[in-house]
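**Student:** Got a structure here, written out as structure tokens. Questions coming.
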Number of protein chains: 4
Amino acid sequence: MKALVYHGPNKKSWEEKPKPVIQQPTDAIVRITRTTICGTDLHILKGDVPEVVDGRILGHEGVGVIEETGSAVTNFKKGDHVLISCISSCGKCDYCKTGMYSHCENGGWILGHLIDGTQAEYVRTPFADTSLYHIPPGSDEEALVMLSDILPTGFECGVLNGKVKPGDVVAIVGSGPIGLAALLTALFYSPAEIVMIDPDDNRLAVSKKMGATKTINNSRENAVDIIKEMTGGKGADSVIEAVGIPATFELCESLVAPGGTIANIGVHGKSVDLHLETLWSKNITITTRLVDTVTTPMLLKTVQSKKLNSKQLITHRFKLADIASAYDTFGHADREKALKVLLENV
Amino acid sequence: MKALVYHGPNKKSWEEKPKPVIQQPTDAIVRITRTTICGTDLHILKGDVPEVVDGRILGHEGVGVIEETGSAVTNFKKGDHVLISCISSCGKCDYCKTGMYSHCENGGWILGHLIDGTQAEYVRTPFADTSLYHIPPGSDEEALVMLSDILPTGFECGVLNGKVKPGDVVAIVGSGPIGLAALLTALFYSPAEIVMIDPDDNRLAVSKKMGATKTINNSRENAVDIIKEMTGGKGADSVIEAVGIPATFELCESLVAPGGTIANIGVHGKSVDLHLETLWSKNITITTRLVDTVTTPMLLKTVQSKKLNSKQLITHRFKLADIASAYDTFGHADREKALKVLLENV
Amino acid sequence: MKALVYHGPNKKSWEEKPKPVIQQPTDAIVRITRTTICGTDLHILKGDVPEVVDGRILGHEGVGVIEETGSAVTNFKKGDHVLISCISSCGKCDYCKTGMYSHCENGGWILGHLIDGTQAEYVRTPFADTSLYHIPPGSDEEALVMLSDILPTGFECGVLNGKVKPGDVVAIVGSGPIGLAALLTALFYSPAEIVMIDPDDNRLAVSKKMGATKTINNSRENAVDIIKEMTGGKGADSVIEAVGIPATFELCESLVAPGGTIANIGVHGKSVDLHLETLWSKNITITTRLVDTVTTPMLLKTVQSKKLNSKQLITHRFKLADIASAYDTFGHADREKALKVLLENV
Amino acid sequence: MKALVYHGPNKKSWEEKPKPVIQQPTDAIVRITRTTICGTDLHILKGDVPEVVDGRILGHEGVGVIEETGSAVTNFKKGDHVLISCISSCGKCDYCKTGMYSHCENGGWILGHLIDGTQAEYVRTPFADTSLYHIPPGSDEEALVMLSDILPTGFECGVLNGKVKPGDVVAIVGSGPIGLAALLTALFYSPAEIVMIDPDDNRLAVSKKMGATKTINNSRENAVDIIKEMTGGKGADSVIEAVGIPATFELCESLVAPGGTIANIGVHGKSVDLHLETLWSKNITITTRLVDTVTTPMLLKTVQSKKLNSKQLITHRFKLADIASAYDTFGHADREKALKVLLENV
């Protein structure tokens, strides 16, 4: 089969690889029909994720069709259409039993990381019964690719941890795909205001279309002043960090109202200054989280019932065999005005 | 001044009464600009609420303008536009301090019940600082009359107690004004389905317009069968009782899914059969509640930000002086296709 | 092997049966070292549980040693000491994934009910990885037999659903083994008062020793009057029903304070009168639950750390081969002052 | 009357001051019978709290007897014995209505800070109805002085925010009075382990007596290694910071388990390094809080019912007139092995 293979920093190729086989009784083999590229894949390609070794097939998102199942798999059978979760959950360690699949002792984020991933014609998915989800007949499968990773990430790490409520003022720092995923799922809870903060005018315009009530270009506007003015000096109830650098996290510290929450989604590479000299008495909560994908069943219902139009995140479409072009487009997201690129193999 | 006065079962008149005066330092006098009639007022008129005595001015909803404040009132001053809560909260008893204003040891539901109410040109409101709410300039004050009672009732007793979540199946039994208030505020949480159940086709049609995804006329359709079929035999996650008779409560018992909730809003006059012989092992929750109006600030924000179009509940408008006609219309709600009737004094 | 076999109403025998074998790759065979008898076993013997068929081995509690594991079992191996949960959880259906193991689509309460149980020298336990728990070396295994069913039942259905908090007044109606299990685990949360209500003076005396702050013999005292007097007329914050008949449930309705909770544990055979004519406005919560055993890991930690002395529930000890005598003692619990009887096979 | 007056950095005197008078209808005048000294008073004396001006009477804790009440006070009357909360709550601003009294728009921490305090023969307490608490007849009033500040602080900021649960491993960094207050109230929830970490062996010995299951002297032992070893490498479920310097906060970051919480109590003077490069994916929660004293009614019940022995925190007793000696003892807490010093005026 063909697959996108990592060969060390800045080297990748679409090449022939052996078709995966069942290794454990809980495995399934899935024929990939649609997949996508994640910002994390770009980090891997830069060499930032050293556990990814030469020869690894990348990718941790996608939908497809079951080709084969291991002997202990009972929820799925050949021919079933499935959504692949970016997190593999064994379903039986302490973390999985409390819904914290991200820290699964036997799985977690392993696809396209510690084992071969989904940017390929076929993938082996471990713990199939607890890591795949049935796609109801008649579904728009493109829309569901967005449920492998980006939407549960925005929802769980940003919106649920941020405790977004009806009538709240929500500020989202960063309006790339993850910030937009937080925006789309924050809408579930009818906040009064969702303010998107980003230096890119195109992304702010997209945010507006997707439901933001206000946008702030923080390359030329003062987000703290604007939000303080909107809120009688208090600040935002929920502040969602969707960038991952010290400057944006510290902006969140300045934006949060007494009693409010900062929900971090960003993948950080260095420590940040936590201003406890002012925050110690401000009754705030700060959360971090690697997506657990424990809300995938709920998100599936919101897509099916048209409460969530996840397809809006897809800006470009390619044949899977043209994945090199897709990486080029996604790697120049600003220039290309790209959010998520869809790769099709149907 | 003029007021609508109760004179015993089936007797009321629009007559001259002395203008109210400040009795306690925490009182305010409000000039009523808009009020409405509640189903409870009809119960009082039938003689069902024996604590209401001859001579009582009815009404517990409305908006108006502060005319005078007692010496201990600090949040309000003459000329302020205010929303009057149906629940008077002293703010300092044990119940008020835990947000259960309905059981306030010094207040609770007293307006138009134990003290004179709002269907008058002026009303004395006790505990003004903790029972009135500022109306922001430029607000649509009609819309806010719906926040005195009906919307917090539907929201607190039905939606919050019913723990409505994104992707849920919600069933609301009864689509009168209270059921519709539950519907409008259930929408805050993006459930997958909101099913309205009622024997009146007009009310079901109204429900559909307000956002119900499905309606069931239970005078000719089997609600249990339909909801079981929709949910793979499980039942509804949240079931909201908005009628108040044994038959509808027992219907709720049959509709609820394992792990689900029955949130009672209905005012019941007799006991109901609780089928613990089947429900004991079904992991369900049943809640009751007299509205606390503790969510009024949140609801105000949702109206201001246009997440809640509360005005849809108003079907008829009258001059306050024509309140007798308004009672007639509201008292024949089916015939008149009436939901809430607005009384204006502006 | 030998086992206690049901042969229709009022007929049981300790007889030879084939040793169980692995049927599914997720099964384990456990050699039973200690088991016990549940009130439910007495119901089965009376013929009250018609799904139990002639030839069924009874029992759903116990500890033992792994004898053999199916090919898909990864958490356990031959020789491991294990606690057997009364609830078999597949770990991969919708209910199991949300912690509601009692409603597992493939398991639930099946041991000694729909499949052969633990009152035997060996038992086949389905879904071993998600239904057995490791016993740490050096544990008092007698104490842990109480964690198969009775303690999670008292804790989950009574204490957690009853939302017991520091400073609360808790009333427990029924001080048999289940009421005492609720008492022992209510102590985790430091309520101000735990009032036990029962007509049996011996059981009340036992309650006192286990930590009840007050006991009421409701065959000769008025529980409502006493609790109202203790609470300034309000009632109890948490009321736990641990009997299962209409009279005791209705007593709970009279005992609960505004804003309080009635947590039902009792197995009811008929419907009860729910007095919504008074309760509709009292802001109460009523819960039902079949034990999920989702708190077994937490309870294991409390036993290990000596926060919970579960062994106090054991009043009598027998050899497993003397199970007929054990049934006789447990079946005359009042006369024998029996709580839980331990059956040993070591 | 006599009072302890601040006269700028390092200057204080016990001197004659005018007896306070009612200024607002919601005020009360309380004759102080017992008060104490807080670590914050030492900070003020060092000049660290610039809003405290020359001439200010210090102190924000104490119990006493109502001498006089303003015209709007209804919960209290002359002669009532009362507990004074360190936080004055108006009961009617947005923050008070949601239980965040610490941020009260009209009060908050003002006693001995922005207005005259309790280290005096009399004090004026604003918002008496919502800031004082009745002392039941027969109470041990010494024990209740600990409920003005230190116990709600340890409980709300440490234990409640830290979500301590039965079976948990709790680590408390700092075993001064605040750390011990967190320890005493963590016991409410029956955690499996409470580990106290401090460089002072005397304080660790005190911790052990009060219920710590383990102590670590972090001047010579490696707390991270010890706690990782205790928890199979995971870390503590709840980590409570009770010191207020960067080193101890960063220690907390190293101690917390995936899914765990760091609850900050410490008053910090500078920012700390938040290691998001490792914590971003660890699913942790960090909280900050100025005590709200919203749990004072609950804590009163736990003292009354002997679930909380708050008196253990008192190590020294002085006459109020000897307050200079009391400050000397408390200011050399290590040397004197002092926790809380009680000042009596009875």
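We label chains A, B, ... in the order they appear in the structure tokens, count residues from 1 in each chain, and number ligands from 1 in the order shown.
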Would you list, as number ranges by chain, the residues of region 145-224 of chain D that end up in helix (DSSP H, G or I) under DSSP run on this structure's backbone?

**Tutor:** D: 145, 150-160, 177-189, 201-210, 223-224

**Student:** Put those residues in a file: N, CA and C atoms, as an mmCIF file, in the first residue's frame.

**Tutor:**
data_model
loop_
_atom_site.group_PDB
_atom_site.id
_atom_site.type_symbol
_atom_site.label_atom_id
_atom_site.label_comp_id
_atom_site.auth_asym_id
_atom_site.auth_seq_id
_atom_site.Cartn_x
_atom_site.Cartn_y
_atom_site.Cartn_z
ATOM 1 N N VAL D 145 -13.084 31.336 67.286
ATOM 2 C CA VAL D 145 -12.211 32.398 66.754
ATOM 3 C C VAL D 145 -11.462 31.887 65.522
ATOM 4 N N ILE D 150 -8.863 31.581 59.434
ATOM 5 C CA ILE D 150 -7.901 30.544 59.067
ATOM 6 C C ILE D 150 -8.555 29.251 58.608
ATOM 7 N N LEU D 151 -9.632 28.833 59.266
ATOM 8 C CA LEU D 151 -10.234 27.571 58.842
ATOM 9 C C LEU D 151 -10.993 27.702 57.528
ATOM 10 N N PRO D 152 -11.833 28.732 57.335
ATOM 11 C CA PRO D 152 -12.403 28.855 55.987
ATOM 12 C C PRO D 152 -11.331 29.026 54.911
ATOM 13 N N THR D 153 -10.231 29.675 55.220
ATOM 14 C CA THR D 153 -9.172 29.823 54.214
ATOM 15 C C THR D 153 -8.590 28.463 53.831
ATOM 16 N N GLY D 154 -8.208 27.681 54.835
ATOM 17 C CA GLY D 154 -7.651 26.362 54.528
ATOM 18 C C GLY D 154 -8.664 25.488 53.815
ATOM 19 N N PHE D 155 -9.907 25.596 54.223
ATOM 20 C CA PHE D 155 -10.956 24.735 53.677
ATOM 21 C C PHE D 155 -11.356 25.149 52.248
ATOM 22 N N GLU D 156 -11.666 26.433 52.073
ATOM 23 C CA GLU D 156 -12.160 26.865 50.759
ATOM 24 C C GLU D 156 -11.046 26.897 49.706
ATOM 25 N N CYS D 157 -9.944 27.560 50.057
ATOM 26 C CA CYS D 157 -8.879 27.754 49.063
ATOM 27 C C CYS D 157 -8.094 26.457 48.856
ATOM 28 N N GLY D 158 -7.977 25.656 49.928
ATOM 29 C CA GLY D 158 -7.163 24.449 49.829
ATOM 30 C C GLY D 158 -7.979 23.201 49.553
ATOM 31 N N VAL D 159 -8.895 22.889 50.442
ATOM 32 C CA VAL D 159 -9.557 21.581 50.400
ATOM 33 C C VAL D 159 -10.676 21.534 49.366
ATOM 34 N N LEU D 160 -11.549 22.537 49.371
ATOM 35 C CA LEU D 160 -12.639 22.516 48.393
ATOM 36 C C LEU D 160 -12.089 22.732 46.989
ATOM 37 N N PRO D 177 0.159 27.557 60.310
ATOM 38 C CA PRO D 177 -1.259 27.527 60.674
ATOM 39 C C PRO D 177 -2.194 27.294 59.489
ATOM 40 N N ILE D 178 -1.887 27.904 58.339
ATOM 41 C CA ILE D 178 -2.774 27.742 57.175
ATOM 42 C C ILE D 178 -2.700 26.317 56.621
ATOM 43 N N GLY D 179 -1.515 25.779 56.540
ATOM 44 C CA GLY D 179 -1.374 24.399 56.077
ATOM 45 C C GLY D 179 -2.086 23.438 57.023
ATOM 46 N N LEU D 180 -1.986 23.724 58.319
ATOM 47 C CA LEU D 180 -2.667 22.869 59.301
ATOM 48 C C LEU D 180 -4.188 23.015 59.212
ATOM 49 N N ALA D 181 -4.638 24.223 58.899
ATOM 50 C CA ALA D 181 -6.086 24.411 58.715
ATOM 51 C C ALA D 181 -6.564 23.611 57.509
ATOM 52 N N ALA D 182 -5.742 23.548 56.478
ATOM 53 C CA ALA D 182 -6.092 22.712 55.319
ATOM 54 C C ALA D 182 -6.093 21.239 55.724
ATOM 55 N N LEU D 183 -5.105 20.839 56.497
ATOM 56 C CA LEU D 183 -5.051 19.453 56.973
ATOM 57 C C LEU D 183 -6.308 19.081 57.769
ATOM 58 N N LEU D 184 -6.650 19.924 58.743
ATOM 59 C CA LEU D 184 -7.804 19.606 59.614
ATOM 60 C C LEU D 184 -9.096 19.466 58.812
ATOM 61 N N THR D 185 -9.241 20.275 57.785
ATOM 62 C CA THR D 185 -10.492 20.231 57.012
ATOM 63 C C THR D 185 -10.408 19.226 55.861
ATOM 64 N N ALA D 186 -9.194 18.868 55.436
ATOM 65 C CA ALA D 186 -9.071 17.768 54.456
ATOM 66 C C ALA D 186 -9.575 16.467 55.077
ATOM 67 N N LEU D 187 -9.403 16.342 56.394
ATOM 68 C CA LEU D 187 -9.864 15.132 57.087
ATOM 69 C C LEU D 187 -11.371 14.913 56.930
ATOM 70 N N PHE D 188 -12.123 15.980 56.686
ATOM 71 C CA PHE D 188 -13.579 15.841 56.458
ATOM 72 C C PHE D 188 -13.880 14.794 55.390
ATOM 73 N N TYR D 189 -12.963 14.662 54.395
ATOM 74 C CA TYR D 189 -13.273 13.874 53.204
ATOM 75 C C TYR D 189 -12.559 12.527 53.160
ATOM 76 N N ASP D 201 10.756 20.654 61.794
ATOM 77 C CA ASP D 201 10.382 19.366 62.399
ATOM 78 C C ASP D 201 9.281 19.505 63.444
ATOM 79 N N ASN D 202 9.279 20.608 64.173
ATOM 80 C CA ASN D 202 8.214 20.777 65.164
ATOM 81 C C ASN D 202 6.846 20.818 64.488
ATOM 82 N N ARG D 203 6.753 21.609 63.442
ATOM 83 C CA ARG D 203 5.463 21.710 62.738
ATOM 84 C C ARG D 203 5.061 20.372 62.132
ATOM 85 N N LEU D 204 6.031 19.630 61.658
ATOM 86 C CA LEU D 204 5.697 18.306 61.118
ATOM 87 C C LEU D 204 5.186 17.393 62.226
ATOM 88 N N ALA D 205 5.781 17.502 63.404
ATOM 89 C CA ALA D 205 5.315 16.673 64.523
ATOM 90 C C ALA D 205 3.879 17.055 64.895
ATOM 91 N N VAL D 206 3.604 18.354 64.886
ATOM 92 C CA VAL D 206 2.228 18.810 65.140
ATOM 93 C C VAL D 206 1.279 18.250 64.080
ATOM 94 N N SER D 207 1.710 18.287 62.832
ATOM 95 C CA SER D 207 0.881 17.759 61.734
ATOM 96 C C SER D 207 0.511 16.312 61.996
ATOM 97 N N LYS D 208 1.474 15.559 62.403
ATOM 98 C CA LYS D 208 1.260 14.134 62.660
ATOM 99 C C LYS D 208 0.176 13.963 63.719
ATOM 100 N N LYS D 209 0.277 14.777 64.782
ATOM 101 C CA LYS D 209 -0.734 14.688 65.849
ATOM 102 C C LYS D 209 -2.133 15.063 65.347
ATOM 103 N N MET D 210 -2.161 15.981 64.404
ATOM 104 C CA MET D 210 -3.470 16.438 63.905
ATOM 105 C C MET D 210 -4.053 15.529 62.826
ATOM 106 N N ALA D 223 10.890 15.511 48.388
ATOM 107 C CA ALA D 223 9.438 15.293 48.423
ATOM 108 C C ALA D 223 8.931 14.660 47.133
ATOM 109 N N VAL D 224 9.478 15.078 46.012
ATOM 110 C CA VAL D 224 9.001 14.529 44.741
ATOM 111 C C VAL D 224 9.266 13.026 44.686
#

**Student:** Restrict the distance test to only C-alpha atoms, flag each residue of chain C within 6 Å of chain B, and return the flagged residues as an MDAnalysis selection string.

**Tutor:** chainID C and resid 268:277 280:290

**Student:** For Gly91 (chain C), find every residue with an atom within 8 Å (counting only C-alpha atoms), except residues of its own chain fewer than 4 positions away, and show them as an NGL selection string.

**Tutor:** (:A and (91-92)) or (:C and (96-97 or 101 or 127 or 130))

**Student:** Excluding Asp140 (chain A) and residues on its chain fewer than 5 positions from it, collect all residues at most 10 Å away from it, counting only C-alpha atoms, and give them as a PyMOL selection string.

**Tutor:** chain A and resi 135+145+303-304+311

**Student:** I need the chosen residues saved as a compact mmCIF listing (two decimals), in the first residue's frame, with N, CA and C atoms.

**Tutor:**
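Okay, again-v2.txt is ready:
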# COMPACT_ATOMS: atom_id res chain seq x y z
N ILE A 135 -20.08 5.11 12.19
CA ILE A 135 -20.64 6.22 11.42
C ILE A 135 -22.03 5.79 10.95
N VAL A 145 -14.52 13.63 9.73
CA VAL A 145 -13.05 13.64 9.88
C VAL A 145 -12.64 14.68 10.92
N VAL A 303 -23.33 16.61 15.44
CA VAL A 303 -23.17 16.71 13.98
C VAL A 303 -24.40 16.11 13.31
N GLN A 304 -24.83 14.94 13.78
CA GLN A 304 -26.01 14.28 13.17
C GLN A 304 -27.24 15.17 13.25
N LYS A 311 -17.99 20.80 9.07
CA LYS A 311 -17.41 20.87 7.72
C LYS A 311 -16.87 22.25 7.38

**Student:** Name the residues in contact with Thr36 (chain C) at a cut-off of 7 Å, using only C-alpha atoms, excluding same-chain residues fewer than 2 positions from it; report them as number ranges by chain.

**Tutor:** C: 38, 61-62, 341-343

**Student:** Quick one: DSSP strand (DSSP E) residues in region 69-256 of chain C, as a VMD selection string?

**Tutor:** chain C and resid 69 81 to 84 122 to 125 132 to 134 169 to 173 193 to 198 214 to 217 236 to 241 256

**Student:** Given the choices D:Leu45, D:Val170, D:Ile57, D:Val82, which gets closest to Thr118 (chain D) if the distance is worked out from only C-alpha atoms?

**Tutor:** D:Ile57

**Student:** Between CA of Asp334 (chain B) and CA of Gly176 (chain B), what is the distance in Å, rounded to a tenth?

**Tutor:**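 Here the two named atoms are 9.6 Å from each other.
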
**Student:** Counting only C-alpha atoms, which of B:Cys90, B:Thr315, B:Val195, B:Ile66 gets nearest to Lys78 (chain B)?

**Tutor:**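 Smallest distance to Lys78 (chain B) is found for B:Ile66.
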
**Student:** So which one's closest to Leu83 (chain C), C:Leu147, C:Val239, C:Val256, C:Ile44? Using only C-alpha atoms, please.

**Tutor:**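 Smallest separation from Leu83 (chain C) among the options: C:Leu147.
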
**Student:** Closest to Ile32 (chain A) among A:Met1, A:Ala333, A:Val49, A:Leu251, using only C-alpha atoms?

**Tutor:**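 Residue with the minimum atom-to-atom distance to Ile32 (chain A): A:Met1.
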
**Student:** Looking at C:Ala242, C:Ile87, C:Val52, C:Ala128, which one is nearest to Ile22 (chain C), with distances taken over only C-alpha atoms?

**Tutor:**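 Smallest separation from Ile22 (chain C) among the options: C:Ala128.
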
**Student:** In Å, rounded to a single decimal, give me how far CA of Ser71 (chain A) is from CA of Thr35 (chain A).

**Tutor:** 26.4 Å

**Student:** Hey, which of C:Lys234, C:Lys17, C:Ile314, C:Ile37 ends up closest to Glu105 (chain B)? Count only C-alpha atoms.

**Tutor:**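 Looking at the shortest contact to Glu105 (chain B), the residue is C:Lys234.
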
**Student:** Work out how far CA of Ile29 (chain C) is from CA of Gly107 (chain A), in Å to one decimal.

**Tutor:**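 Distance reported for this atom pair: 26.9 Å.
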
**Student:** Please identify all polymer residues within 8 Å of Ala72 (chain A), counting only C-alpha atoms, omitting same-chain residues fewer than 4 positions from it, and present them as an MDAnalysis selection string.

**Tutor:** (chainID A and resid 25:26) or (chainID C and resid 25:26 72)
